[in-house]
Number of protein chains: 2
Amino acid sequence: MSRHKIKFLPNNTEITVEQGENLIRVAMEAGVHINASCGGEGVCGKCRVIIEDGNVEGGITEKLSQEDLENGYRQACLASVQNDLVVRIPVESEVDTSILNLQKTPRRKARIWEMNLEELKEKGLFVSPVEKKYLELPEPTPQDNLPDVTRLVSFLKAKHDEHRLVVQLPVIRKIPDVLRKDGFKVTATLARPVHSGRKTHIINIQPGDTTDRNYAIAVDVGTTTIYSQLIDLITGDVLASFGEYNGQISYGEDVISRIIYASKPNGLQKLHEVVIATINKLIKKMIKRARIDSDEISSITLAGNTTMTQLMLGINPKYIRLSPYVPASTLFSPIKAIDLGFALEDHVTALVYPAISSYVGGDVVAGVMGSGMYRTEKLTLFMDIGTNAEIVIGNKDWLACAACSAGPAFEGGGIEFGMRAAKGAIEDFSMDPVTFEPMNITIGNVRPKGICGSGLIIIAATMFEMGVIDNRSKFNRDLDTPRIRETDGIFEYVLAWKDESQIDRDITLTEPDLDNLMRAKGAIYSGCMTLLEEVGLNMSDIDSIYLAGGFGSYVDLEKAMVIGLLPEIDPDRIRFIGNGSLMGAKMSSLTNRIRKDVVEVTKRMTNFELSETASFMNNYVAALFLPHTDMDQFPKLKARLEARRALKQ
Amino acid sequence: MSRHKIKFLPNNTEITVEQGENLIRVAMEAGVHINASCGGEGVCGKCRVIIEDGNVEGGITEKLSQEDLENGYRQACLASVQNDLVVRIPVESEVDTSILNLQKTPRRKARIWEMNLEELKEKGLFVSPVEKKYLELPEPTPQDNLPDVTRLVSFLKAKHDEHRLVVQLPVIRKIPDVLRKDGFKVTATLARPVHSGRKTHIINIQPGDTTDRNYAIAVDVGTTTIYSQLIDLITGDVLASFGEYNGQISYGEDVISRIIYASKPNGLQKLHEVVIATINKLIKKMIKRARIDSDEISSITLAGNTTMTQLMLGINPKYIRLSPYVPASTLFSPIKAIDLGFALEDHVTALVYPAISSYVGGDVVAGVMGSGMYRTEKLTLFMDIGTNAEIVIGNKDWLACAACSAGPAFEGGGIEFGMRAAKGAIEDFSMDPVTFEPMNITIGNVRPKGICGSGLIIIAATMFEMGVIDNRSKFNRDLDTPRIRETDGIFEYVLAWKDESQIDRDITLTEPDLDNLMRAKGAIYSGCMTLLEEVGLNMSDIDSIYLAGGFGSYVDLEKAMVIGLLPEIDPDRIRFIGNGSLMGAKMSSLTNRIRKDVVEVTKRMTNFELSETASFMNNYVAALFLPHTDMDQFPKLKARLEARRALKQ
């Protein structure tokens with residue numbers, strides 16, 4: 001794919017982008033504001049730009065006259081890049097370019113961290129938990145009529161130096177016929193003990209040589225969505241991966257409503273069954289997609305939050321919700337997959353990620369394992385941001401964790417026009433510093449329907465930097481724009497007018513919305529602060545940040561620092577690890593080293609109940625400002641705001 | 001119960017017996033012959049005796065005239081002892097008392113060996129596999145909100161020095177509610193590892209203090225009958241015991257027919273289900289009888305022959321029947337009882353006795369464990385006699401075993417009038433040395449229906465000693481008695497005439513019957529011989545014999561030596577251990593020491609396939625004589641026979 005250089009005038013911003021990219025998104029990426037209310041559907045007709053050099057495809061609508069077109073006008077939201085361009089933004093009011101430049105904070109998404117299997121292998125972190133051995137056993141004779149299992153075990157001892165072997169009943173049942181199917185030539189599947197000295201289990205026996213086929217399943221059991229991967233244990237490749245909504249959604253959207261449902265008659269059983277059914281659906285799809293035989297699957301590793309884990313295991317989670325928030329168990333021995341109802345062969349073992357507490361679950365532990373933060377010297381902050389945010393701080397010597405209830409603001413909850421990150425959600429935003437006109441970018445480039453979490457952060461941060469809201473997130477009452485108004489005593493900003501939206505209403509962001517955002521980001525930031533204080537450290541001691549969860553991949557790092565959700569840190573030191581839970585489950589499937597480490601990690605990880613930590617409330621109140629009461633924690637932002645103030649004076 | 005002295009005239013035999021005992025049985029016990037064909041029902045009227053001193057109850061029938069009664073005549077079979085007696089046997093023909101005395105071999109049943117729990121405890125052989133601990137846990141607080149399982153495990157570590165604890169899912173599911181039912185006062189059931197250093201499992205949790213209730217189940221899974229015991233793990237007492245016919249009987253009487261049935265469509269599944277159903281029936285009866293709660297049962301230990309074990313475990317036994325007779329497995333890890341279909345709680349573990357080979361099964365190993373022969377210096381011969389006879393020879397240093405197909409003669413099979421030991425079976429026998437008239441004693445004192453195994457041995461031995469049959473078990477053609485006759489070219493002895501029997505036919509013992517008996521006893525004796533030869537020993541090296549199985553309790557030891565079924569040995573050195581399989585299962589329920597030893601024993605026990613041992617056929621042919629080709633192996637019998645010959649000449 002060829003790349004093209006785009007120069008925006010009048011402020012001379014340059015950016016290099018892929019062929020075919022949407023011009024308004026290119027501008028947004030470059031930090032160039034173009035008025036745009038309708039999200040990129042060409043409806044509002046505001047995003048007029050002049051192509052001074054080069055060519056775009058599209059961008060021609062009835063909103064542009066013949067004269068406009070001849071003068072090079074195009075609608076940026078409908079135009080795509082074809083070659084190098086010079087694009088002029090028609091500035092309606094004369095703006096000081098120094099202010100324009102101040103505004104220019106290019107979008108900084110977190111870099112994606114990926115597991116490097118080869119590197120891990122080199123570090124000795126790969127100790128395969130399941131190995132296949134092809135064996136040509138001597139056939140029994142009247143002089144040598146050992147029991148079949150003894151023949152197999154003795155041969156493995158004598159010829160393969162395998163010791164402490166155990167064979168469970170389901171495999172014993174298969175052995176006699178399998179041995180005789182191909183003249184005592186068989187493949188035995190050995191499951192290695194996590195701790196040396198323990199027993200090796202012969203978990204399967206197959207006729208002939210099947211050593212090239214050995215698979216495992218990894219599952220992230222999310223409250224909303226369940227993701228799964230089918231993993232080739234020989235190459236480490238993911239052969240298939242699917243996601244499905246957790247079937248439990250019909251019984252309650254969040255963890256609390258599920259816990260309540262579980263205490264109804266047969267509720268626990270029902271929730272157990274539907275989550276297993278969802279996972280079975282995924283298993284079937286993966287087996288079909290990868291065209292493998294289910295007999296070749298050796299293990300299934302599952303990670304989920306504490307409530308999802310207990311429901312999956314059929315353990316009533318009711319005490320998780322009641323003070324003092326006690327989970328039934330955080331550690332689970334390997335379980336026979338069929339005992340949980342999984343549609344797998346009876347030799348398959350289910351491994352369930354251990355949790356730390358009622359609100360720091362196996363999904364977080366899996367993320368910590370996947371990230372490798374527990375193996376490094378450097379101090380890392382791990383954050384999984386959702387309705388509940390989980391925070392882990394530490395390194396190879398110690399780990400501290402806490403959960404804080406951020407509320408559903410980042411998932412669109414408690415926000416008047418909040419919504420999940422779906423088509424029509426405003427995901428990016430810019431504002432004209434003089435007219436305060438918006439530039440809305442929506443998912444799917446359609447007319448806006450609402451605001452998703454990542455959009456909310458960008459809007460709030462932009463408004464704060466523009467002085468549209470103050471550090472208590474209240475609108476500046478003195479600005480001359482129709483977009484800021486008071487409705488029924490509530491101040492709000494109109495992001496899109498009724499006729500530009502999909503919902504036949506003005507889409508606004510209100511002060512109560514901003515209050516909810518403040519509480520959410522305040523809870524998370526103060527959680528980090530409190531946890532650091534408890535271990536005697538500061539935000540500045542943090543070397544790097546890992547963001548996990550779907551939210552982390554979309555959040556604009558600079559803007560998140562502006563609102564004080566993230567501590568101010570070089571964005572290069574922030575990594576997005578994606579679905580940490582699934583990644584950890586995958587790693588445990590691939591190596592016993594991780595399975596062993598995880599037990600150590602759970603022992604090493606200290607849980608802090610923030611509600612029981614005296615300083616948490618003070619930190620929380622201090623964090624209910626933009627970015628924070630203590631501006632010295634955000635020195636770069638402080639400098640920018642001071643520069644802006646100086647310019648304005 | 002008072003005891004009385006009975007003196008029999010004319011040969012002055014004295015015996016002391018219990019009040020109320022049947023007079024004809026007293027005579028038999030004393031080795032005194034009284035003609036009696038009808039088994040003790042008063043029908044034949046032959047067993048007339050004269051009460052010369054003392055009184056009997058009953059014995060008066062229409063077969064006796066008023067004069068007879070006045071002269072003290074009574075029918076012995078209907079008379080019972082009330083006080084000291086002098087009883088004269090009216091000798092119809094004048095018999096030399098020296099011959100009478102030769103005949104006098106009082107019945108010698110094997111002494112019953114019983115487990116002495118106290119002695120075993122003193123020897124340190126009792127290491128309880130399951131222990132209950134009453135715990136008063138601290139209740140959770142906001143400052144101490146450990147997961148429930150962690151709270152339990154930590155407390156056991158800190159206060160009870162319990163380490164390496166594991167809790168499986170079924171128990172985890174119960175823990176939260178059980179802890180809160182009685183203010184965190186609970187009883188935990190701990191299953192100890194057999195090998196130190198392994199894990200202790202918390203297998204149950206109950207509210208309050210239940211430490212006084214802790215039970216286990218032991219089961220002998222026989223081909224014909226299944227016996228079970230409910231054991232109090234605190235006292236070692238058997239609280240209930242029941243037997244039931246194995247439900248598999250409908251699908252074949254013996255092991256081979258079951259194996260064949262198992263290979264039919266769904267046959268294995270069916271046989272598995274019905275044996276489990278039989279055991280479940282026993283479990284329910286025992287729980288009901290002992291009035292215990294099934295939640296208090298911790299384990300079920302099962303022993304059976306190799307085929308019964310495989311069928312119970314759902315493992316197709318087809319290769320057991322096919323050369324070279326390979327069982328699937330002889331060692332089985334503990335299995336969850338509910339996984340096998342047992343009607344027990346889901347925390348219950350099923351322990352299955354290991355086998356040695358296709359025909360030396362877990363029932364034999366259990367017998368060896370129960371007998372303790374593997375712990376002594378002395379050389380012991382262990383025999384479990386049934387259709388298949390299993391032989392174990394050895395001591396604490398080594399053990400050798402073999403199985404031989406005795407055929408069903410001892411269970412009444414292949415014998416014209418053979419039957420199981422049930423009502424109407426001739427179980428004891430004596431013969432007038434001059435008239436060759438029989439004295440039949442039947443089970444239940446009713447008219448005879450047939451001959452059971454123990455009766456068969458006594459009849460054959462008596463006939464041999466009387467010279468009625470020779471050492472090739474052929475009838476003496478020269479004797480003057482209507483009871484020996486030739487029918488359709490086959491010689492036979494009439495035990496009971498048609499009108500004395502229950503079956504409207506003469507009951508006879510034929511030469512082909514005797515041939516079958518010879519083959520059965522010959523197989524067993526030559527099995528012992530061959531096994532001894534293989535380890536370089538002789539019969540005379542054997543210090544003691546343990547007889548296991550139902551047959552052993554009834555067999556007359558002296559007579560068994562006369563026919564050469566048992567080697568000639570002081571009867572005091574023979575012990576009957578009864579159901580060795582059930583005894584071993586009980587011991588494993590009671591102590592981990594036995595569970596540990598059993599693994600060692602199976603490793604130490606060498607199996608000999610007699611069919612593959614060159615000398616077996618020679619030994620077998622040599623054993624097809626009464627008592628044996630080599631009379632020097634039976635010196636006492638040899639002396640008796642020589643004395644008799646001297647008298648006759």
# chains A, B, ... in the order shown; residues from 1 in each chain; ligands from 1
call {"tool": "interface_residues", "arguments": {"of": "chain A", "to": "chain B", "cutoff": "10 Å", "atoms": "only C-alpha atoms", "output": "PyMOL selection string"}}
result
chain A and resi 140-151+166-177+198+310+313-320+323-335+339-340+355-358+607-609+611-613
call {"tool": "residues_around", "arguments": {"residues": "Asp572 of chain A", "least_positions_apart": "4", "cutoff": "9 Å", "atoms": "only C-alpha atoms", "output": "ChimeraX atom specification"}}
result
/A:110-111,544
call {"tool": "closest_residue", "arguments": {"among": "B:Arg420, B:Lys123, B:Lys5, B:His201", "to": "Gly386 of chain B", "atoms": "only C-alpha atoms"}}
result
B:Arg420
call {"tool": "closest_residue", "arguments": {"among": "A:Arg485, A:Arg321, A:His347, A:Lys586", "to": "Gly367 of chain A", "atoms": "only C-alpha atoms"}}
result
A:Lys586
call {"tool": "atom_distance", "arguments": {"atom1": "atom CA of Thr223 of chain B", "atom2": "atom CA of Pro408 of chain B"}}
result
13.1 Å
call {"tool": "closest_residue", "arguments": {"among": "B:Val364, B:Tyr353, B:Gly252, B:Asp237", "to": "Asn116 of chain B", "atoms": "only C-alpha atoms"}}
result
B:Asp237
call {"tool": "residues_around", "arguments": {"residues": "segment 10-22 of chain B", "least_positions_apart": "4", "cutoff": "9 Å", "atoms": "only C-alpha atoms", "output": "PyMOL selection string"}}
result
chain B and resi 1-6+26-27+29-32+56-57+76-84+87-91+97+100-101+104
call {"tool": "atom_distance", "arguments": {"atom1": "atom CA of Tyr554 of chain A", "atom2": "atom CA of Thr380 of chain A"}}
result
20.5 Å
call {"tool": "closest_atom_pairs", "arguments": {"of": "segment 538-609 of chain B", "to": "segment 203-217 of chain B", "cutoff": "10 Å", "atoms": "only C-alpha atoms", "output": "JSON lines"}}
result
{"residue": "B:Ala585", "atom": "CA", "partner": "B:Ile217", "partner_atom": "CA", "distance": 8.4}
{"residue": "B:Lys586", "atom": "CA", "partner": "B:Ile217", "partner_atom": "CA", "distance": 7.5}
{"residue": "B:Ser588", "atom": "CA", "partner": "B:Ala216", "partner_atom": "CA", "distance": 9.9}
{"residue": "B:Ser589", "atom": "CA", "partner": "B:Ala216", "partner_atom": "CA", "distance": 6.3}
{"residue": "B:Leu590", "atom": "CA", "partner": "B:Ala216", "partner_atom": "CA", "distance": 8.1}
call {"tool": "write_last_selection", "arguments": {"atoms": "N, CA and C atoms", "output": "compact mmCIF listing (two decimals), in the first residue's frame"}}
result
# COMPACT_ATOMS: atom_id res chain seq x y z
N ALA B 585 -10.85 -55.31 51.89
CA ALA B 585 -11.50 -54.03 51.60
C ALA B 585 -11.76 -53.27 52.90
N LYS B 586 -12.16 -54.00 53.92
CA LYS B 586 -12.41 -53.36 55.21
C LYS B 586 -11.12 -52.77 55.77
N SER B 588 -8.44 -51.81 54.20
CA SER B 588 -8.03 -50.62 53.46
C SER B 588 -8.88 -49.42 53.84
N SER B 589 -10.13 -49.69 54.21
CA SER B 589 -10.98 -48.58 54.65
C SER B 589 -10.47 -48.00 55.95
N LEU B 590 -9.89 -48.86 56.77
CA LEU B 590 -9.53 -48.46 58.12
C LEU B 590 -8.13 -47.87 58.25
call {"tool": "residues_around", "arguments": {"residues": "segment 430-433 of chain B", "least_positions_apart": "3", "cutoff": "7 Å", "atoms": "only C-alpha atoms", "output": "ChimeraX atom specification"}}
result
/B:33,436-440,462,466
call {"tool": "select_by_dssp", "arguments": {"residues": "segment 83-308 of chain B", "states": "strand (DSSP E)", "output": "ChimeraX atom specification"}}
result
/B:85-88,111-112,130-136,165-167,185-191,200-207,215-221,225-232,238-245,297-304
call {"tool": "atom_distance", "arguments": {"atom1": "atom CA of Glu162 of chain B", "atom2": "atom CA of Glu136 of chain B"}}
result
15.3 Å
call {"tool": "closest_residue", "arguments": {"among": "A:Asp515, A:Asp254, A:Glu465, A:Asp346", "to": "Lys638 of chain A", "atoms": "only C-alpha atoms"}}
result
A:Glu465
call {"tool": "closest_residue", "arguments": {"among": "A:Gly584, A:Pro354, A:Gly341, A:Gly236", "to": "Ser128 of chain A", "atoms": "only C-alpha atoms"}}
result
A:Gly236
call {"tool": "residues_around", "arguments": {"residues": "segment 625-637 of chain A", "least_positions_apart": "5", "cutoff": "9 Å", "atoms": "only C-alpha atoms", "output": "list of chain:residue names"}}
result
A:Ala461, A:Phe464, A:Glu465, A:Asp470, A:Asn471, A:Arg472, A:Ser473, A:Met518, A:Gly522, A:Met539, A:Ser540, A:Met561, A:Val562, A:Ile563, A:Gly564, A:Leu565, A:Pro567, A:Glu568, A:Ile569, A:Glu642
call {"tool": "write_last_selection", "arguments": {"atoms": "C-alpha atoms", "output": "short mmCIF file (atom, residue, chain, number, x, y, z; two decimals), in the first residue's frame"}}
result
data_model
loop_
_atom_site.label_atom_id
_atom_site.label_comp_id
_atom_site.auth_asym_id
_atom_site.auth_seq_id
_atom_site.Cartn_x
_atom_site.Cartn_y
_atom_site.Cartn_z
CA ALA A 461 -10.02 16.83 27.74
CA PHE A 464 -10.80 21.55 29.47
CA GLU A 465 -7.79 22.57 27.42
CA ASP A 470 -13.02 24.50 34.28
CA ASN A 471 -11.05 22.22 36.59
CA ARG A 472 -14.27 21.29 38.41
CA SER A 473 -15.72 20.29 35.01
CA MET A 518 -14.91 12.79 37.12
CA GLY A 522 -11.12 9.96 40.09
CA MET A 539 3.33 8.03 40.52
CA SER A 540 6.72 9.22 39.30
CA MET A 561 -3.56 12.32 30.97
CA VAL A 562 -5.26 15.69 30.49
CA ILE A 563 -8.31 14.58 32.44
CA GLY A 564 -6.12 12.83 35.01
CA LEU A 565 -7.27 9.31 34.26
CA PRO A 567 -0.68 9.63 35.30
CA GLU A 568 1.48 11.85 33.11
CA ILE A 569 4.09 9.59 31.58
CA GLU A 642 0.17 28.28 31.73
#
call {"tool": "residues_around", "arguments": {"residues": "Thr508 of chain A", "least_positions_apart": "2", "cutoff": "6 Å", "atoms": "only C-alpha atoms", "output": "list in words"}}
result
Tyr493, Val494 and Leu495 of chain A
